[in-house]
There are 2 protein chains.
Amino acid sequence: MSERLIVIGGCAAGMSAASKARRLNPNLEVVVYERTGFVSYGSCGMPYYISGVIDDHNKLVVRTPEQFAERGIEVHLRHEAVEIDAENCRVGVKNLNNNEHKFDNYDKLLISTGGRATVLPNFSLGDLEGVFVLRALEDGIAVREYIRREQPQHAVIVGAGYIGLEMAESFHARGLKTTVVGRPPQVLKRFDPDMAKLVQQEAEDKGIKFSLGDEVQSIEGDSQGKVRQVISSKGIFKAGLVLLALGVKPNVSLAKAAGVTLGETGAIATDARMCTNLPGVFSAGDCAEARHLVTGRGAYIPLGTTANKQGRVAGANLGGGEAAFQGIVGTAITKVFDLFPAMTGLAEKDAQAAGYKATSTVIKAKSCAHYYPGCNRMHVKLIVEEGSGRLLGGQIVGDQGAGARINALAAALHTEMTVQELAELDLAYVPPVSPVWDPLLVAANVARKS
Amino acid sequence: MSERLIVIGGCAAGMSAASKARRLNPNLEVVVYERTGFVSYGSCGMPYYISGVIDDHNKLVVRTPEQFAERGIEVHLRHEAVEIDAENCRVGVKNLNNNEHKFDNYDKLLISTGGRATVLPNFSLGDLEGVFVLRALEDGIAVREYIRREQPQHAVIVGAGYIGLEMAESFHARGLKTTVVGRPPQVLKRFDPDMAKLVQQEAEDKGIKFSLGDEVQSIEGDSQGKVRQVISSKGIFKAGLVLLALGVKPNVSLAKAAGVTLGETGAIATDARMCTNLPGVFSAGDCAEARHLVTGRGAYIPLGTTANKQGRVAGANLGGGEAAFQGIVGTAITKVFDLFPAMTGLAEKDAQAAGYKATSTVIKAKSCAHYYPGCNRMHVKLIVEEGSGRLLGGQIVGDQGAGARINALAAALHTEMTVQELAELDLAYVPPVSPVWDPLLVAANVARKS
């Protein structure tokens, strides 16, 4: 008799796992329950769909339910898993189209319920028209449609993280006067303040307003129930559109209720095979924790790259194979107008908070040969453990080449390189893409002496 | 009494060493003898000076002799070292301005005589007007001036390596119909033929003609002694300008005559401190060998990056410090119109020739998210040792992001990563610069299964 795998949540992790498991074991019954109307889409593309850089939301979809059906994977859209009954190996599912409830039995279960957008206390989505989060593809479609229909002049983004800044650029491209209100005193809070300041400056230079170290008090609407303004502790901001970009929390309520153990970060704890504590129950993606290879501790840094890797590992094990996910080093990159802020490993503040004796080096360098036209400035920060010289993290803010260099630092972190070793790397050089002393080498040379 | 350091050759290695040594030991007398009229220039920028992307050759100069003088470094231009008398610790120098000869005594000596351009047998530079090599900055100036003055319509480049291809683009930008004649059956002979073919195709698409697997028989001039055509075993090519880009050989005649030991590649052998076999005599740059960290053997891959690193290490040791140059992994990149061919480590053919049981994987991937506009195709080739799965080399041909990714592979080679480990790297992702599965990860995932 064939085994039955149920996957709860059909975004990156869930569909990677489903595909991989089914490829390895063509006899496996694979059923996916997805709460929204889409599976398998590139949610990181939504800012570019909203800005108009991408014209059709269908382009973000990697594979449709029909295409999964051809691969033997049964996808149920708008079906919400409402209960995991681990004792009886079954999932309670509500069909959101007709509110019918049923139980479905599994041999193996993957919890890939993803993250949920943080919202403001005392505020419910739906209280006012024109207030959005950006999580499901429907959210992206709704935001773009709202801009088209209502033609708002002012946008307020609450939250100055990746999504907040990417959406600031996106709204700006749509002609909206955009203000970003954030609680921390800096943008991109995973970065150190000195590097984050460079990114904020770039956005300000392009016309984005910031109110940081600020807190939203209320969001107010007009008589028709459409959003009108945001009142914060520092001011009142006109808002024909509000985006809540307050970050993501692991969506673990189902799992928790079923007795799945959570890790120190509050996300689902798994072993390297992506198994939870419950027999036959796996987890992957934005609801799951990952081991940080620098600290050796659990980390919650929800990103599509990690979700895909975890999903594939879970799928391999669910399909009868053998795979392990070792962990992450926290590599991330974003695009903010003409800058590509990138980081990997620990920020200086995090290294210190984690108990490392950490120092840092920041250098400015050209991103290509000084004589080559269009050469830009690049800032590189290295965080280094005192004494050992071990690299703990790096941050780069510069043009497109900045982003790419972060990968060399990521590789260095995976292998616990010292800055001495980093300074000796044989990196590529041709005048249009680098100076003869690559900015990474310049930074490493300074760092090893300090 | 202060020590006296003589540096023979004032390009990348020589001037890096001079600067570093003098910074560490301000009492050191530092004297540089340079055969040409320039020191400390970015010779890799010459193709862009000739194309007109860079308007003034002085922009390629990093520091002038006057600026070095301010740092206590005495530079003699147009002074050719003609003899090293190691027994008496002196160098014979000819002043090329007046042909006067003198001896100058050293306590320490750095041989940074660089490489010399290979020329054709039975042909002397100077036999015909309009035939050039590209080595010293004067060569670049002469080529550009010749184009301005003579306005040739056709160029023939003999040699299809980095310089040959970069100059093909450069001549093309100047409006010259350009043919590249090369002896090997492929361009960029350090690359494997399959990857090199992609680069050739790009240049052909842009209008460059190739005659490969071909050999120049003669270069003929008109009645005024100006070059007119190139006759090869495969054809006759009109040529108002000929560039010999046949590669570089280590310039070791002085050193060899003085009893300096050469390595297996014919370049000067040094230890990690850049010391030769002669006491007090160091060597660095395009005349010196480097240890290849993949094979553990001597290699001759003359590049500005290595010259600078070796120069700095030599300078540190000459200045009383302590430094070591561990070696190279052979990372290189070039720009050929819209492609940035990049490689690191061993090509498949070289790995096999070196006795490795090597296999390879080639994948095609998008350089950014599939839905993002302007997304280009990228080819990644990984060369892997069978059994161990150890990465031996990588080649990437694609847009600018291709080049940057080679650095992650270089870091992987420095730490002897396996493709399994490579596949687990936490690489950066944002739709404008990468797909969620970075091409490197795709390649590593395929390679680890094969």
# chains A, B, ... in the order shown; residues from 1 in each chain; ligands from 1

$ interface_residues --of "chain B" --to "chain A" --cutoff "7 Å" --atoms "only C-alpha atoms" --output "PyMOL selection string"
chain B and resi 44-45+54+59-60+304-305+328-329+331-334+371-372+401+404-405+407-408+410-412+415+425-431+436-437

$ closest_atom_pairs --of "region 105-212 of chain A" --to "region 25-39 of chain A" --cutoff "8 Å" --atoms "only C-alpha atoms" --output "tab-separated table"
residue	atom	partner	partner_atom	distance
A:Ala136	CA	A:Thr36	CA	7.1
A:Leu137	CA	A:Phe38	CA	7.0
A:Glu138	CA	A:Gly37	CA	7.4

$ residues_around --residues "Leu391 (chain A)" --least-positions-apart "5" --cutoff "6 Å" --atoms "only C-alpha atoms" --output "compact mmCIF listing (two decimals) with C-alpha atoms, in the first residue's frame"
# COMPACT_ATOMS: atom_id res chain seq x y z
CA VAL A 384 36.08 39.67 13.68
CA THR A 418 40.14 33.95 9.70
CA VAL A 419 40.62 37.44 8.29

$ select_by_dssp --residues "region 384-422 of chain B" --states "alpha helix (DSSP H)" --output "ChimeraX atom specification"
/B:400-414,419-422

$ residues_around --residues "Asp286 (chain B)" --least-positions-apart "6" --cutoff "12 Å" --atoms "only C-alpha atoms" --output "JSON, numbers by chain"
{"B": [9, 10, 11, 12, 13, 14, 111, 112, 113, 114, 115, 116, 117, 135, 247, 248, 249, 250, 251, 252, 266, 267, 268, 269, 299, 300, 301, 302, 303, 304, 305, 306, 307, 308, 309, 310, 311]}

$ write_last_selection --atoms "C-alpha atoms" --output "compact mmCIF listing (two decimals), in the first residue's frame"
# COMPACT_ATOMS: atom_id res chain seq x y z
CA GLY B 9 61.00 46.91 -12.37
CA GLY B 10 58.42 49.41 -11.15
CA CYS B 11 55.06 47.99 -12.08
CA ALA B 12 52.57 46.36 -9.69
CA ALA B 13 54.86 44.04 -7.74
CA GLY B 14 57.86 46.34 -7.62
CA ILE B 111 63.64 41.27 -8.97
CA SER B 112 60.28 42.36 -10.33
CA THR B 113 61.14 42.35 -13.98
CA GLY B 114 57.66 41.21 -14.91
CA GLY B 115 56.72 39.32 -18.02
CA ARG B 116 57.70 39.85 -21.58
CA ALA B 117 55.34 39.64 -24.50
CA ARG B 135 52.82 45.26 -22.30
CA GLY B 247 50.78 35.77 -24.00
CA VAL B 248 53.48 36.52 -21.54
CA LYS B 249 56.62 34.70 -20.51
CA PRO B 250 58.47 35.40 -17.29
CA ASN B 251 61.25 37.90 -17.85
CA VAL B 252 64.00 35.98 -16.14
CA GLY B 266 60.48 28.57 -15.92
CA ALA B 267 59.57 31.49 -13.69
CA ILE B 268 61.64 32.48 -10.67
CA ALA B 269 61.29 30.11 -7.73
CA ALA B 299 52.21 27.62 -11.43
CA TYR B 300 52.76 30.51 -13.76
CA ILE B 301 49.55 32.52 -14.09
CA PRO B 302 50.74 36.11 -14.30
CA LEU B 303 48.05 38.51 -13.10
CA GLY B 304 47.96 41.91 -11.45
CA THR B 305 46.23 40.58 -8.35
CA THR B 306 48.99 38.07 -7.67
CA ALA B 307 51.72 40.57 -8.51
CA ASN B 308 50.30 43.02 -5.97
CA LYS B 309 49.97 40.39 -3.27
CA GLN B 310 53.45 39.00 -3.87
CA GLY B 311 54.87 42.51 -3.97

$ atom_distance --atom1 "CA of Pro184 (chain B)" --atom2 "CA of Gly159 (chain B)"
8.8 Å

$ residues_around --residues "Lys20 (chain B)" --least-positions-apart "5" --cutoff "7 Å" --atoms "only C-alpha atoms" --output "list in words"
Arg312, Gly315 and Ala316 of chain B

$ write_last_selection --atoms "N, CA and C atoms" --output "PDB file, in the first residue's frame"
ATOM      1  N   ARG B 312      53.512  42.931  -2.042  1.00  0.00           N
ATOM      2  CA  ARG B 312      53.297  43.387  -0.671  1.00  0.00           C
ATOM      3  C   ARG B 312      53.984  42.465   0.340  1.00  0.00           C
ATOM      4  N   GLY B 315      57.660  43.082   0.119  1.00  0.00           N
ATOM      5  CA  GLY B 315      57.938  44.369   0.758  1.00  0.00           C
ATOM      6  C   GLY B 315      57.907  44.273   2.270  1.00  0.00           C
ATOM      7  N   ALA B 316      56.957  43.518   2.791  1.00  0.00           N
ATOM      8  CA  ALA B 316      56.870  43.356   4.245  1.00  0.00           C
ATOM      9  C   ALA B 316      58.142  42.701   4.769  1.00  0.00           C
TER      10      ALA B 316
END

$ select_by_dssp --residues "region 221-381 of chain A" --states "strand (DSSP E or B)" --output "PDB file with N, CA and C atoms, in the first residue's frame"
ATOM      1  N   GLY A 221      -9.173  56.505   9.549  1.00  0.00           N
ATOM      2  CA  GLY A 221      -9.826  56.476   8.253  1.00  0.00           C
ATOM      3  C   GLY A 221     -10.749  57.656   8.042  1.00  0.00           C
ATOM      4  N   LYS A 226     -12.008  54.488   4.548  1.00  0.00           N
ATOM      5  CA  LYS A 226     -10.715  54.363   3.847  1.00  0.00           C
ATOM      6  C   LYS A 226      -9.633  55.044   4.665  1.00  0.00           C
ATOM      7  N   VAL A 227      -8.458  54.449   4.654  1.00  0.00           N
ATOM      8  CA  VAL A 227      -7.379  54.998   5.466  1.00  0.00           C
ATOM      9  C   VAL A 227      -7.051  56.422   5.012  1.00  0.00           C
ATOM     10  N   ARG A 228      -6.714  57.264   6.018  1.00  0.00           N
ATOM     11  CA  ARG A 228      -6.533  58.683   5.751  1.00  0.00           C
ATOM     12  C   ARG A 228      -5.195  59.177   6.316  1.00  0.00           C
ATOM     13  N   GLN A 229      -4.877  58.704   7.503  1.00  0.00           N
ATOM     14  CA  GLN A 229      -3.614  59.149   8.106  1.00  0.00           C
ATOM     15  C   GLN A 229      -3.130  58.179   9.178  1.00  0.00           C
ATOM     16  N   VAL A 230      -1.835  58.324   9.439  1.00  0.00           N
ATOM     17  CA  VAL A 230      -1.206  57.525  10.491  1.00  0.00           C
ATOM     18  C   VAL A 230      -0.712  58.497  11.555  1.00  0.00           C
ATOM     19  N   ILE A 231      -1.094  58.230  12.778  1.00  0.00           N
ATOM     20  CA  ILE A 231      -0.644  59.078  13.880  1.00  0.00           C
ATOM     21  C   ILE A 231       0.402  58.308  14.680  1.00  0.00           C
ATOM     22  N   SER A 232       1.569  58.912  14.787  1.00  0.00           N
ATOM     23  CA  SER A 232       2.651  58.255  15.528  1.00  0.00           C
ATOM     24  C   SER A 232       3.043  59.131  16.693  1.00  0.00           C
ATOM     25  N   ILE A 236       1.960  63.245  12.479  1.00  0.00           N
ATOM     26  CA  ILE A 236       0.787  62.786  11.744  1.00  0.00           C
ATOM     27  C   ILE A 236       1.181  62.718  10.276  1.00  0.00           C
ATOM     28  N   PHE A 237       0.951  61.554   9.661  1.00  0.00           N
ATOM     29  CA  PHE A 237       1.373  61.353   8.286  1.00  0.00           C
ATOM     30  C   PHE A 237       0.167  61.016   7.418  1.00  0.00           C
ATOM     31  N   LYS A 238      -0.035  61.829   6.387  1.00  0.00           N
ATOM     32  CA  LYS A 238      -1.085  61.548   5.409  1.00  0.00           C
ATOM     33  C   LYS A 238      -0.856  60.173   4.803  1.00  0.00           C
ATOM     34  N   LEU A 241      -2.630  55.076   1.617  1.00  0.00           N
ATOM     35  CA  LEU A 241      -2.290  53.654   1.595  1.00  0.00           C
ATOM     36  C   LEU A 241      -1.324  53.402   2.748  1.00  0.00           C
ATOM     37  N   VAL A 242      -1.562  52.328   3.475  1.00  0.00           N
ATOM     38  CA  VAL A 242      -0.652  51.966   4.567  1.00  0.00           C
ATOM     39  C   VAL A 242      -0.218  50.518   4.376  1.00  0.00           C
ATOM     40  N   LEU A 243       1.071  50.312   4.466  1.00  0.00           N
ATOM     41  CA  LEU A 243       1.575  48.943   4.449  1.00  0.00           C
ATOM     42  C   LEU A 243       2.223  48.635   5.792  1.00  0.00           C
ATOM     43  N   LEU A 244       1.752  47.566   6.411  1.00  0.00           N
ATOM     44  CA  LEU A 244       2.368  47.115   7.657  1.00  0.00           C
ATOM     45  C   LEU A 244       3.458  46.099   7.306  1.00  0.00           C
ATOM     46  N   VAL A 248       8.033  39.211  10.266  1.00  0.00           N
ATOM     47  CA  VAL A 248       7.342  37.931  10.181  1.00  0.00           C
ATOM     48  C   VAL A 248       7.610  37.143  11.452  1.00  0.00           C
ATOM     49  N   LYS A 249       6.578  36.482  11.927  1.00  0.00           N
ATOM     50  CA  LYS A 249       6.754  35.554  13.052  1.00  0.00           C
ATOM     51  C   LYS A 249       6.426  34.150  12.553  1.00  0.00           C
ATOM     52  N   PRO A 250       7.049  33.150  13.124  1.00  0.00           N
ATOM     53  CA  PRO A 250       6.753  31.792  12.660  1.00  0.00           C
ATOM     54  C   PRO A 250       5.296  31.437  12.963  1.00  0.00           C
ATOM     55  N   LEU A 262       8.846  23.591  20.101  1.00  0.00           N
ATOM     56  CA  LEU A 262       9.405  24.799  19.489  1.00  0.00           C
ATOM     57  C   LEU A 262      10.836  24.993  19.980  1.00  0.00           C
ATOM     58  N   ILE A 268       9.583  26.282  14.969  1.00  0.00           N
ATOM     59  CA  ILE A 268       9.553  24.833  15.170  1.00  0.00           C
ATOM     60  C   ILE A 268      10.967  24.255  15.181  1.00  0.00           C
ATOM     61  N   CYS A 275      13.035  16.706  10.818  1.00  0.00           N
ATOM     62  CA  CYS A 275      12.043  16.005  11.640  1.00  0.00           C
ATOM     63  C   CYS A 275      11.749  16.807  12.894  1.00  0.00           C
ATOM     64  N   VAL A 281       6.415  13.495  11.506  1.00  0.00           N
ATOM     65  CA  VAL A 281       6.051  14.902  11.278  1.00  0.00           C
ATOM     66  C   VAL A 281       7.313  15.730  11.063  1.00  0.00           C
ATOM     67  N   PHE A 282       7.377  16.348   9.902  1.00  0.00           N
ATOM     68  CA  PHE A 282       8.522  17.170   9.511  1.00  0.00           C
ATOM     69  C   PHE A 282       8.095  18.634   9.464  1.00  0.00           C
ATOM     70  N   SER A 283       9.065  19.515   9.446  1.00  0.00           N
ATOM     71  CA  SER A 283       8.747  20.922   9.254  1.00  0.00           C
ATOM     72  C   SER A 283       9.856  21.596   8.463  1.00  0.00           C
ATOM     73  N   ALA A 288       9.942  27.219  10.627  1.00  0.00           N
ATOM     74  CA  ALA A 288      10.943  26.356  11.276  1.00  0.00           C
ATOM     75  C   ALA A 288      12.202  27.127  11.635  1.00  0.00           C
ATOM     76  N   ALA A 290      16.384  27.319  12.212  1.00  0.00           N
ATOM     77  CA  ALA A 290      17.571  26.781  11.544  1.00  0.00           C
ATOM     78  C   ALA A 290      18.754  26.961  12.480  1.00  0.00           C
ATOM     79  N   ARG A 291      19.742  26.113  12.320  1.00  0.00           N
ATOM     80  CA  ARG A 291      20.932  26.259  13.148  1.00  0.00           C
ATOM     81  C   ARG A 291      21.828  27.318  12.509  1.00  0.00           C
ATOM     82  N   HIS A 292      22.270  28.270  13.322  1.00  0.00           N
ATOM     83  CA  HIS A 292      23.196  29.287  12.823  1.00  0.00           C
ATOM     84  C   HIS A 292      24.607  28.726  12.942  1.00  0.00           C
ATOM     85  N   GLY A 298      20.186  27.971  17.653  1.00  0.00           N
ATOM     86  CA  GLY A 298      19.017  28.119  16.805  1.00  0.00           C
ATOM     87  C   GLY A 298      18.850  29.565  16.356  1.00  0.00           C
ATOM     88  N   ALA A 299      18.362  29.747  15.139  1.00  0.00           N
ATOM     89  CA  ALA A 299      18.155  31.098  14.620  1.00  0.00           C
ATOM     90  C   ALA A 299      16.843  31.120  13.862  1.00  0.00           C
ATOM     91  N   ILE A 328      22.466  27.703   8.503  1.00  0.00           N
ATOM     92  CA  ILE A 328      22.590  28.962   7.765  1.00  0.00           C
ATOM     93  C   ILE A 328      23.723  29.796   8.360  1.00  0.00           C
ATOM     94  N   ALA A 332      21.948  37.614   3.580  1.00  0.00           N
ATOM     95  CA  ALA A 332      20.780  38.281   3.030  1.00  0.00           C
ATOM     96  C   ALA A 332      21.220  39.467   2.196  1.00  0.00           C
ATOM     97  N   ILE A 333      20.386  39.814   1.258  1.00  0.00           N
ATOM     98  CA  ILE A 333      20.672  40.975   0.421  1.00  0.00           C
ATOM     99  C   ILE A 333      19.348  41.613   0.056  1.00  0.00           C
ATOM    100  N   VAL A 336      17.864  48.595  -2.535  1.00  0.00           N
ATOM    101  CA  VAL A 336      17.217  49.838  -2.131  1.00  0.00           C
ATOM    102  C   VAL A 336      17.688  50.913  -3.108  1.00  0.00           C
ATOM    103  N   LEU A 339      21.404  50.960  -4.314  1.00  0.00           N
ATOM    104  CA  LEU A 339      22.281  50.218  -3.402  1.00  0.00           C
ATOM    105  C   LEU A 339      21.793  48.786  -3.206  1.00  0.00           C
ATOM    106  N   ALA A 342      23.952  44.140   1.745  1.00  0.00           N
ATOM    107  CA  ALA A 342      24.077  42.691   1.896  1.00  0.00           C
ATOM    108  C   ALA A 342      24.779  42.395   3.213  1.00  0.00           C
ATOM    109  N   MET A 343      24.386  41.311   3.823  1.00  0.00           N
ATOM    110  CA  MET A 343      25.073  40.923   5.052  1.00  0.00           C
ATOM    111  C   MET A 343      25.144  39.412   5.169  1.00  0.00           C
ATOM    112  N   THR A 344      26.063  38.968   5.995  1.00  0.00           N
ATOM    113  CA  THR A 344      26.159  37.551   6.304  1.00  0.00           C
ATOM    114  C   THR A 344      26.767  37.422   7.691  1.00  0.00           C
ATOM    115  N   GLY A 345      26.419  36.362   8.366  1.00  0.00           N
ATOM    116  CA  GLY A 345      26.967  36.139   9.700  1.00  0.00           C
ATOM    117  C   GLY A 345      26.352  37.069  10.728  1.00  0.00           C
ATOM    118  N   ALA A 358      34.266  40.848  20.016  1.00  0.00           N
ATOM    119  CA  ALA A 358      34.286  41.155  18.590  1.00  0.00           C
ATOM    120  C   ALA A 358      34.754  42.581  18.336  1.00  0.00           C
ATOM    121  N   THR A 359      35.552  42.719  17.286  1.00  0.00           N
ATOM    122  CA  THR A 359      35.898  44.053  16.812  1.00  0.00           C
ATOM    123  C   THR A 359      35.411  44.165  15.378  1.00  0.00           C
ATOM    124  N   SER A 360      35.457  45.377  14.859  1.00  0.00           N
ATOM    125  CA  SER A 360      35.005  45.517  13.475  1.00  0.00           C
ATOM    126  C   SER A 360      35.907  46.472  12.727  1.00  0.00           C
ATOM    127  N   THR A 361      35.874  46.308  11.424  1.00  0.00           N
ATOM    128  CA  THR A 361      36.621  47.161  10.503  1.00  0.00           C
ATOM    129  C   THR A 361      35.646  47.614   9.428  1.00  0.00           C
ATOM    130  N   VAL A 362      35.632  48.894   9.139  1.00  0.00           N
ATOM    131  CA  VAL A 362      34.834  49.390   8.019  1.00  0.00           C
ATOM    132  C   VAL A 362      35.763  50.094   7.052  1.00  0.00           C
ATOM    133  N   ILE A 363      35.675  49.724   5.785  1.00  0.00           N
ATOM    134  CA  ILE A 363      36.475  50.435   4.786  1.00  0.00           C
ATOM    135  C   ILE A 363      35.565  50.940   3.667  1.00  0.00           C
ATOM    136  N   LYS A 364      36.021  51.998   3.035  1.00  0.00           N
ATOM    137  CA  LYS A 364      35.395  52.478   1.809  1.00  0.00           C
ATOM    138  C   LYS A 364      36.321  52.132   0.665  1.00  0.00           C
ATOM    139  N   ALA A 365      35.782  51.634  -0.407  1.00  0.00           N
ATOM    140  CA  ALA A 365      36.629  51.319  -1.558  1.00  0.00           C
ATOM    141  C   ALA A 365      35.818  51.542  -2.808  1.00  0.00           C
ATOM    142  N   LYS A 366      36.498  51.550  -3.930  1.00  0.00           N
ATOM    143  CA  LYS A 366      35.801  51.625  -5.200  1.00  0.00           C
ATOM    144  C   LYS A 366      35.360  50.223  -5.592  1.00  0.00           C
ATOM    145  N   ARG A 377      31.178  53.819  -5.017  1.00  0.00           N
ATOM    146  CA  ARG A 377      31.772  53.586  -3.711  1.00  0.00           C
ATOM    147  C   ARG A 377      31.114  52.367  -3.052  1.00  0.00           C
ATOM    148  N   MET A 378      31.923  51.611  -2.374  1.00  0.00           N
ATOM    149  CA  MET A 378      31.438  50.426  -1.685  1.00  0.00           C
ATOM    150  C   MET A 378      31.957  50.451  -0.247  1.00  0.00           C
ATOM    151  N   HIS A 379      31.073  50.173   0.688  1.00  0.00           N
ATOM    152  CA  HIS A 379      31.477  50.089   2.090  1.00  0.00           C
ATOM    153  C   HIS A 379      31.472  48.626   2.518  1.00  0.00           C
ATOM    154  N   VAL A 380      32.541  48.204   3.117  1.00  0.00           N
ATOM    155  CA  VAL A 380      32.636  46.825   3.596  1.00  0.00           C
ATOM    156  C   VAL A 380      32.933  46.861   5.092  1.00  0.00           C
ATOM    157  N   LYS A 381      32.156  46.130   5.838  1.00  0.00           N
ATOM    158  CA  LYS A 381      32.396  45.997   7.276  1.00  0.00           C
ATOM    159  C   LYS A 381      32.639  44.537   7.596  1.00  0.00           C
TER     160      LYS A 381
END

$ closest_residue --among "A:Ser51, A:Gln217, A:Ser16, A:Ser40" --to "Thr64 (chain A)" --atoms "only C-alpha atoms"
A:Ser40

$ atom_distance --atom1 "CA of Gln151 (chain A)" --atom2 "CA of Ile219 (chain A)"
18.9 Å

$ closest_residue --among "B:Val143, B:Ile8, B:Ile157, B:Ile163" --to "Leu254 (chain B)" --atoms "only C-alpha atoms"
B:Ile8

$ residues_around --residues "Lys349 (chain A)" --least-positions-apart "3" --cutoff "7 Å" --atoms "only C-alpha atoms" --output "list of chain:residue names"
A:Asp192, A:Gln352, A:Ala353

$ residues_around --residues "Leu120 (chain B)" --least-positions-apart "4" --cutoff "9 Å" --atoms "only C-alpha atoms" --output "mmCIF file with C-alpha atoms, in the first residue's frame"
data_model
loop_
_atom_site.group_PDB
_atom_site.id
_atom_site.type_symbol
_atom_site.label_atom_id
_atom_site.label_comp_id
_atom_site.auth_asym_id
_atom_site.auth_seq_id
_atom_site.Cartn_x
_atom_site.Cartn_y
_atom_site.Cartn_z
ATOM 1 C CA SER B 124 60.910 41.602 -34.891
ATOM 2 C CA VAL B 216 50.542 33.157 -38.777
ATOM 3 C CA LEU B 244 50.519 40.418 -31.114
ATOM 4 C CA LEU B 246 50.518 35.780 -27.739
#

$ closest_residue --among "A:Ala347, A:Ile73, A:Val187, A:Ala354" --to "Ala18 (chain A)" --atoms "only C-alpha atoms"
A:Ile73
